[in-house]
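So this one's data.txt, compact mmCIF, C-alpha atoms:
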# COMPACT_ATOMS: atom_id res chain seq x y z
CA ALA A 1 0.00 0.00 0.00
CA ASP A 2 1.04 3.61 -0.44
CA ASN A 3 1.11 6.39 2.17
CA GLU A 4 -1.13 8.49 -0.08
CA PHE A 5 -4.19 6.51 1.01
CA LYS A 6 -5.81 6.09 4.43
CA LYS A 7 -3.80 3.19 5.82
CA GLU A 8 -6.27 2.07 8.47
CA ASP A 9 -9.18 1.93 5.99
CA ILE A 10 -7.13 -0.21 3.63
CA LYS A 11 -6.01 -2.58 6.40
CA ASN A 12 -9.52 -2.97 7.80
CA SER A 13 -11.13 -3.59 4.40
CA GLN A 14 -8.68 -6.34 3.49
CA LEU A 15 -8.51 -8.32 6.75
CA PRO A 16 -7.04 -10.92 7.32
CA ALA A 17 -4.50 -9.97 4.62
CA LEU A 18 -1.20 -8.54 5.84
CA PHE A 19 -0.26 -5.12 4.42
CA HIS A 20 3.08 -3.35 4.52
CA ILE A 21 3.16 0.41 4.07
CA TYR A 22 6.17 1.72 2.12
CA GLY A 23 7.49 5.23 1.68
CA LYS A 24 7.44 7.12 -1.61
CA ASP A 25 10.95 6.18 -2.83
CA GLU A 26 11.41 3.07 -0.70
CA HIS A 27 12.38 -0.11 -2.55
CA VAL A 28 10.49 -3.34 -2.01
CA GLY A 29 12.92 -6.26 -2.19
CA LEU A 30 10.38 -8.89 -3.24
CA ILE A 31 9.14 -6.78 -6.16
CA GLU A 32 12.68 -5.80 -7.16
CA ARG A 33 13.68 -9.49 -7.33
CA SER A 34 10.61 -10.29 -9.42
CA ASN A 35 11.46 -7.49 -11.85
CA ARG A 36 15.06 -8.70 -12.02
CA THR A 37 13.89 -12.25 -12.83
CA ILE A 38 11.73 -10.96 -15.70
CA LYS A 39 14.63 -8.83 -17.00
CA ASN A 40 16.93 -11.86 -16.90
CA LYS A 41 14.46 -14.01 -18.83
CA THR A 42 13.93 -11.33 -21.49
CA ARG A 43 17.69 -10.76 -21.74
CA THR A 44 18.24 -14.51 -22.23
CA ILE A 45 15.65 -14.67 -25.01
CA MET A 46 16.94 -11.47 -26.62
CA HIS A 47 20.51 -12.80 -26.60
CA ALA A 48 19.47 -15.51 -29.08
CA THR A 49 18.13 -13.05 -31.67
CA PRO A 50 20.17 -11.25 -34.36
CA TYR A 51 18.43 -7.87 -33.93
CA LYS A 52 20.26 -4.76 -32.74
CA ARG A 53 17.06 -2.82 -32.05
CA LEU A 54 13.51 -3.87 -31.26
CA PRO A 55 10.28 -2.00 -32.03
CA LYS A 56 7.95 -1.38 -29.10
CA VAL A 57 5.53 -4.11 -30.22
CA MET A 58 8.38 -6.66 -30.09
CA VAL A 59 9.52 -5.52 -26.64
CA ILE A 60 5.96 -5.90 -25.34
CA GLY A 61 5.71 -9.38 -26.91
CA LEU A 62 9.09 -10.35 -25.45
CA VAL A 63 8.15 -9.34 -21.90
CA MET A 64 4.66 -10.86 -22.14
CA GLY A 65 6.14 -14.14 -23.37
CA ALA A 66 8.71 -14.23 -20.56
CA VAL A 67 6.05 -13.55 -17.91
CA LYS A 68 3.73 -16.14 -19.47
CA TRP A 69 6.39 -18.87 -19.28
CA LEU A 70 7.44 -17.87 -15.74
CA ASN A 71 3.80 -18.22 -14.63
CA ALA A 72 3.18 -21.45 -16.57
CA PHE A 73 5.09 -23.69 -14.16
CA PRO A 74 4.90 -24.18 -10.38
CA SER A 75 7.39 -22.25 -8.28
CA ARG A 76 9.45 -23.83 -5.50
CA THR A 77 8.59 -20.85 -3.30
CA GLY A 78 4.95 -20.58 -4.40
CA ILE A 79 1.84 -21.41 -2.40
CA TRP A 80 1.35 -24.69 -4.33
CA LYS A 81 4.11 -27.06 -5.35
CA THR A 82 1.99 -28.70 -8.06
CA MET A 83 -0.04 -25.77 -9.43
CA SER A 84 1.35 -22.89 -11.46
CA PRO A 85 0.40 -19.23 -10.84
CA SER A 86 -1.50 -19.28 -14.17
CA THR A 87 -3.54 -22.25 -12.99
CA ILE A 88 -4.32 -20.69 -9.61
CA VAL A 89 -5.26 -17.21 -10.86
CA LEU A 90 -6.59 -17.77 -14.39
CA GLY A 91 -7.45 -21.47 -14.43
CA ILE A 92 -5.03 -22.10 -17.33
CA LEU A 93 -3.75 -25.66 -17.40
CA LYS A 94 -0.12 -26.68 -18.00
CA PRO A 95 1.28 -25.76 -21.44
CA ASN A 96 0.07 -28.18 -24.12
CA MET A 97 3.06 -29.07 -26.28
CA LYS A 98 1.02 -31.01 -28.84
CA TYR A 99 0.28 -27.79 -30.75
CA LYS A 100 2.73 -26.32 -33.23
CA GLN A 101 4.80 -23.60 -31.52
CA ILE A 102 7.34 -21.08 -32.70
CA VAL A 103 9.92 -19.09 -30.74
CA PHE A 104 10.13 -15.29 -30.25
CA GLY A 105 12.04 -13.40 -32.92
CA LEU A 106 11.91 -16.03 -35.66
CA HIS A 107 10.90 -15.14 -39.20
CA ALA A 108 7.76 -16.72 -40.64
CA MET A 109 5.37 -16.45 -43.55
CA VAL A 110 2.02 -15.97 -41.81
CA PHE A 111 -1.26 -17.06 -43.36
CA THR A 112 -3.77 -14.21 -43.01
CA GLY A 113 -6.90 -15.90 -44.35
CA THR A 114 -8.63 -16.09 -47.68
CA ARG A 115 -10.75 -13.51 -49.42
CA ASN A 116 -12.31 -13.91 -52.81
CA ASN A 117 -9.88 -11.54 -54.51
CA MET A 118 -6.28 -11.35 -55.71
CA THR A 119 -4.68 -9.97 -52.51
CA ALA A 120 -1.83 -11.90 -50.89
CA ARG A 121 -2.85 -14.61 -48.45
CA SER A 122 0.35 -14.54 -46.43
CA VAL A 123 2.54 -11.85 -44.89
CA PRO A 124 6.20 -11.96 -43.84
CA ALA A 125 6.36 -11.48 -40.09
CA VAL A 126 8.42 -11.93 -36.91
CA VAL A 127 7.12 -13.99 -33.97
CA LEU A 128 6.02 -12.12 -30.83
CA ASN A 129 4.51 -14.76 -28.50
CA LEU A 130 1.93 -17.52 -28.05
CA PRO A 131 -1.47 -16.08 -27.09
CA ASN A 132 -3.67 -19.00 -26.11
CA LYS A 133 -4.10 -22.70 -25.48
CA HIS A 134 -5.36 -23.38 -29.01
CA GLY A 135 -1.99 -23.05 -30.76
CA GLY A 136 -2.21 -19.61 -32.36
CA SER A 137 0.57 -17.05 -32.20
CA TYR A 138 1.04 -13.30 -32.40
CA PHE A 139 3.36 -11.90 -35.04
CA MET A 140 4.67 -8.48 -36.08
CA SER A 141 4.06 -7.80 -39.75
CA LEU A 142 7.23 -6.79 -41.57
CA TYR A 143 5.11 -4.64 -43.90
CA SER A 144 3.33 -2.48 -41.34
CA GLY A 145 5.04 -3.18 -38.00
CA ARG A 146 1.64 -4.00 -36.49
CA ARG A 147 0.68 -7.04 -34.48
CA LEU A 148 -1.33 -9.79 -36.15
CA HIS A 149 -2.65 -13.19 -35.06
CA SER A 150 -2.60 -16.47 -36.93
CA TYR A 151 -2.95 -20.21 -36.43
CA GLU A 152 -1.02 -21.05 -39.58
CA TRP A 153 2.53 -20.10 -40.50
CA ARG A 154 5.66 -21.45 -42.09
CA GLU A 155 8.99 -20.80 -40.43
CA LEU A 156 11.64 -19.22 -42.66
CA PRO A 157 15.34 -18.48 -42.09
CA ILE A 158 16.21 -15.04 -40.77
CA ASP A 159 18.18 -13.20 -43.44
CA LYS A 160 19.76 -9.74 -43.61
CA GLU A 161 16.60 -8.22 -45.14
CA VAL A 162 14.52 -9.30 -42.13
CA VAL A 163 17.06 -7.92 -39.65
CA ASP A 164 17.30 -4.65 -41.58
CA ARG A 165 13.50 -4.30 -41.73
CA VAL A 166 13.09 -4.90 -37.97
CA GLU A 167 15.78 -2.31 -37.28
CA GLU A 168 14.13 0.11 -39.73
CA LEU A 169 10.80 -0.29 -37.91
CA SER A 170 12.49 0.25 -34.55
CA GLU A 171 14.39 3.37 -35.66
CA SER A 172 11.14 5.16 -36.39
CA LYS A 173 10.02 4.42 -32.81
CA LYS A 174 13.32 5.49 -31.13
CA ALA A 175 13.97 2.03 -29.67
CA LEU A 176 16.91 1.08 -27.47
CA GLU A 177 19.96 -0.18 -29.31
CA MET A 178 21.11 -3.71 -28.48
CA LYS A 179 24.74 -4.84 -28.29
CA GLU A 180 25.44 -8.55 -27.81
CA GLY A 181 21.88 -9.04 -26.57
CA TYR A 182 21.98 -6.25 -23.98
CA PRO A 183 20.21 -2.90 -24.28
CA ILE A 184 22.49 0.12 -24.41
CA CYS A 185 20.96 2.83 -22.26
CA LYS A 186 22.26 6.32 -22.86
CA LEU A 187 22.27 8.87 -20.07
CA VAL A 188 19.89 11.72 -20.77
CA CYS A 189 20.67 14.94 -18.93
CA ARG A 190 17.81 17.32 -18.33
CA LYS A 191 20.06 20.07 -17.02
CA LYS A 192 23.72 20.71 -17.81
CA ARG A 193 24.75 20.57 -14.15
CA ASP A 194 23.42 16.95 -13.89
CA CYS A 195 25.88 15.60 -16.50

File written out as structure tokens:
Amino acid sequence: ADNEFKKEDIKNSQLPALFHIYGKDEHVGLIERSNRTIKNKTRTIMHATPYKRLPKVMVIGLVMGAVKWLNAFPSRTGIWKTMSPSTIVLGILKPNMKYKQIVFGLHAMVFTGTRNNMTARSVPAVVLNLPNKHGGSYFMSLYSGRRLHSYEWRELPIDKEVVDRVEELSESKKALEMKEGYPICKLVCRKKRDC
């Protein structure tokens, strides 16, 4: 809870839950460790991709995928040793590996459905994450940079054109630059005396 609210009202409304009140800039170790775990998972996944920059839609997909997989399996320190956080909170069963799956950052030709005209039925895209238990996936279109969903795709090798297009899409969004799988954060000074 935050000091901005009436502490006693919050405590009384949520009994028997235990609340800790933290100051404005006080760090909470448990939350900091959780954030660090998510950062480590995303860094590990990112390290396996050839991209130097990621558009915002890919960063969101990367983090969502990491959190999804962290929550998909039981934790040794969790409240249940046999049930995952996703099962407890959302009722989602263990991951079903019988469906076709594809890994974040891979290049694929994505089937977008049929229409009774001459438009293309597939789009080149990059994988974002798996959305549901039915085997579909989210992709980022290499044409528009927007997110799209499909149940059918064909994995393709990542070539220089794909890497260049992802970096081109990310440059327009002012994305962080990556070096050896790690984001390069540049110090931004608001006032000259701070630098």

Any idea what's packed within 12 Å of Arg165 (chain A), counting only C-alpha atoms, ignoring anything in its chain fewer than 2 positions away? Could you give it as a ChimeraX atom specification? /A:51-55,107,124-126,140-145,158-163,167-172

Grab the residues selected above and save them as a JSON list (two decimals), in the coordinates of the input with C-alpha atoms.
[["chain", "number", "residue", "atom", "x", "y", "z"],
["A", 51, "TYR", "CA", 18.43, -7.87, -33.93],
["A", 52, "LYS", "CA", 20.26, -4.76, -32.74],
["A", 53, "ARG", "CA", 17.06, -2.82, -32.05],
["A", 54, "LEU", "CA", 13.51, -3.87, -31.26],
["A", 55, "PRO", "CA", 10.28, -2.00, -32.03],
["A", 107, "HIS", "CA", 10.90, -15.14, -39.20],
["A", 124, "PRO", "CA", 6.20, -11.96, -43.84],
["A", 125, "ALA", "CA", 6.36, -11.48, -40.09],
["A", 126, "VAL", "CA", 8.42, -11.93, -36.91],
["A", 140, "MET", "CA", 4.67, -8.48, -36.08],
["A", 141, "SER", "CA", 4.06, -7.80, -39.75],
["A", 142, "LEU", "CA", 7.23, -6.79, -41.57],
["A", 143, "TYR", "CA", 5.11, -4.64, -43.90],
["A", 144, "SER", "CA", 3.33, -2.48, -41.34],
["A", 145, "GLY", "CA", 5.04, -3.18, -38.00],
["A", 158, "ILE", "CA", 16.21, -15.04, -40.77],
["A", 159, "ASP", "CA", 18.18, -13.20, -43.44],
["A", 160, "LYS", "CA", 19.76, -9.74, -43.61],
["A", 161, "GLU", "CA", 16.60, -8.22, -45.14],
["A", 162, "VAL", "CA", 14.52, -9.30, -42.13],
["A", 163, "VAL", "CA", 17.06, -7.92, -39.65],
["A", 167, "GLU", "CA", 15.78, -2.31, -37.28],
["A", 168, "GLU", "CA", 14.13, 0.11, -39.73],
["A", 169, "LEU", "CA", 10.80, -0.29, -37.91],
["A", 170, "SER", "CA", 12.49, 0.25, -34.55],
["A", 171, "GLU", "CA", 14.39, 3.37, -35.66],
["A", 172, "SER", "CA", 11.14, 5.16, -36.39]]

Between A:Asn12, A:Asn116, A:Ser86, A:Thr49, which is the closest to Ala72 (chain A) once you count all atoms listed in the file? A:Ser86

Which polymer residues have any atom within 10 Å of an atom of Lys94 (chain A), counting only C-alpha atoms, with same-chain residues fewer than 2 positions away left out, as a list in words? Asn71, Ala72, Phe73, Pro74, Met83, Ser84, Ser86, Thr87, Gly91, Ile92, Asn96, Met97 and Lys133 of chain A

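Separating CA of Gly61 (chain A) from CA of Phe104 (chain A) is a distance of 8.1 Å.
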
One decimal, in Å: what's the spacing between CA of Leu156 (chain A) and CA of Leu106 (chain A)? 7.7 Å

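CA of Val67 (chain A) sits 9.4 Å away from CA of Thr37 (chain A).
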
Need the shell around Leu128 (chain A): protein/DNA/RNA residues with any atom at most 10 Å away, counting all atoms listed in the file. Skip same-chain ones fewer than 4 positions apart. Format as a list of chain:residue names? A:Val57, A:Met58, A:Val59, A:Ile60, A:Gly61, A:Leu62, A:Val63, A:Met64, A:Gly65, A:Ile102, A:Val103, A:Phe104, A:Gly105, A:Leu106, A:Ser137, A:Tyr138, A:Phe139, A:Met140, A:Arg147, A:Leu148, A:His149

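Nearest to Gln101 (chain A) of all the residues A:Thr44, A:Thr77, A:Asn129, A:Asn35 is A:Asn129, counting all atoms listed in the file.
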
Counting only C-alpha atoms, I want the residues whose atoms come within 12 Å of (18.6, -10.4, -16.5) in the file frame, returned as number ranges by chain. A: 32-47, 63, 66, 181-183

Mind listing whatever residues come within 12 Å of the point (-4.6, -18.7, -40.7)? Use all atoms listed in the file, file coordinates, and give them as JSON, numbers by chain. {"A": [109, 110, 111, 112, 113, 114, 115, 121, 122, 123, 135, 136, 137, 138, 139, 148, 149, 150, 151, 152, 153, 154]}
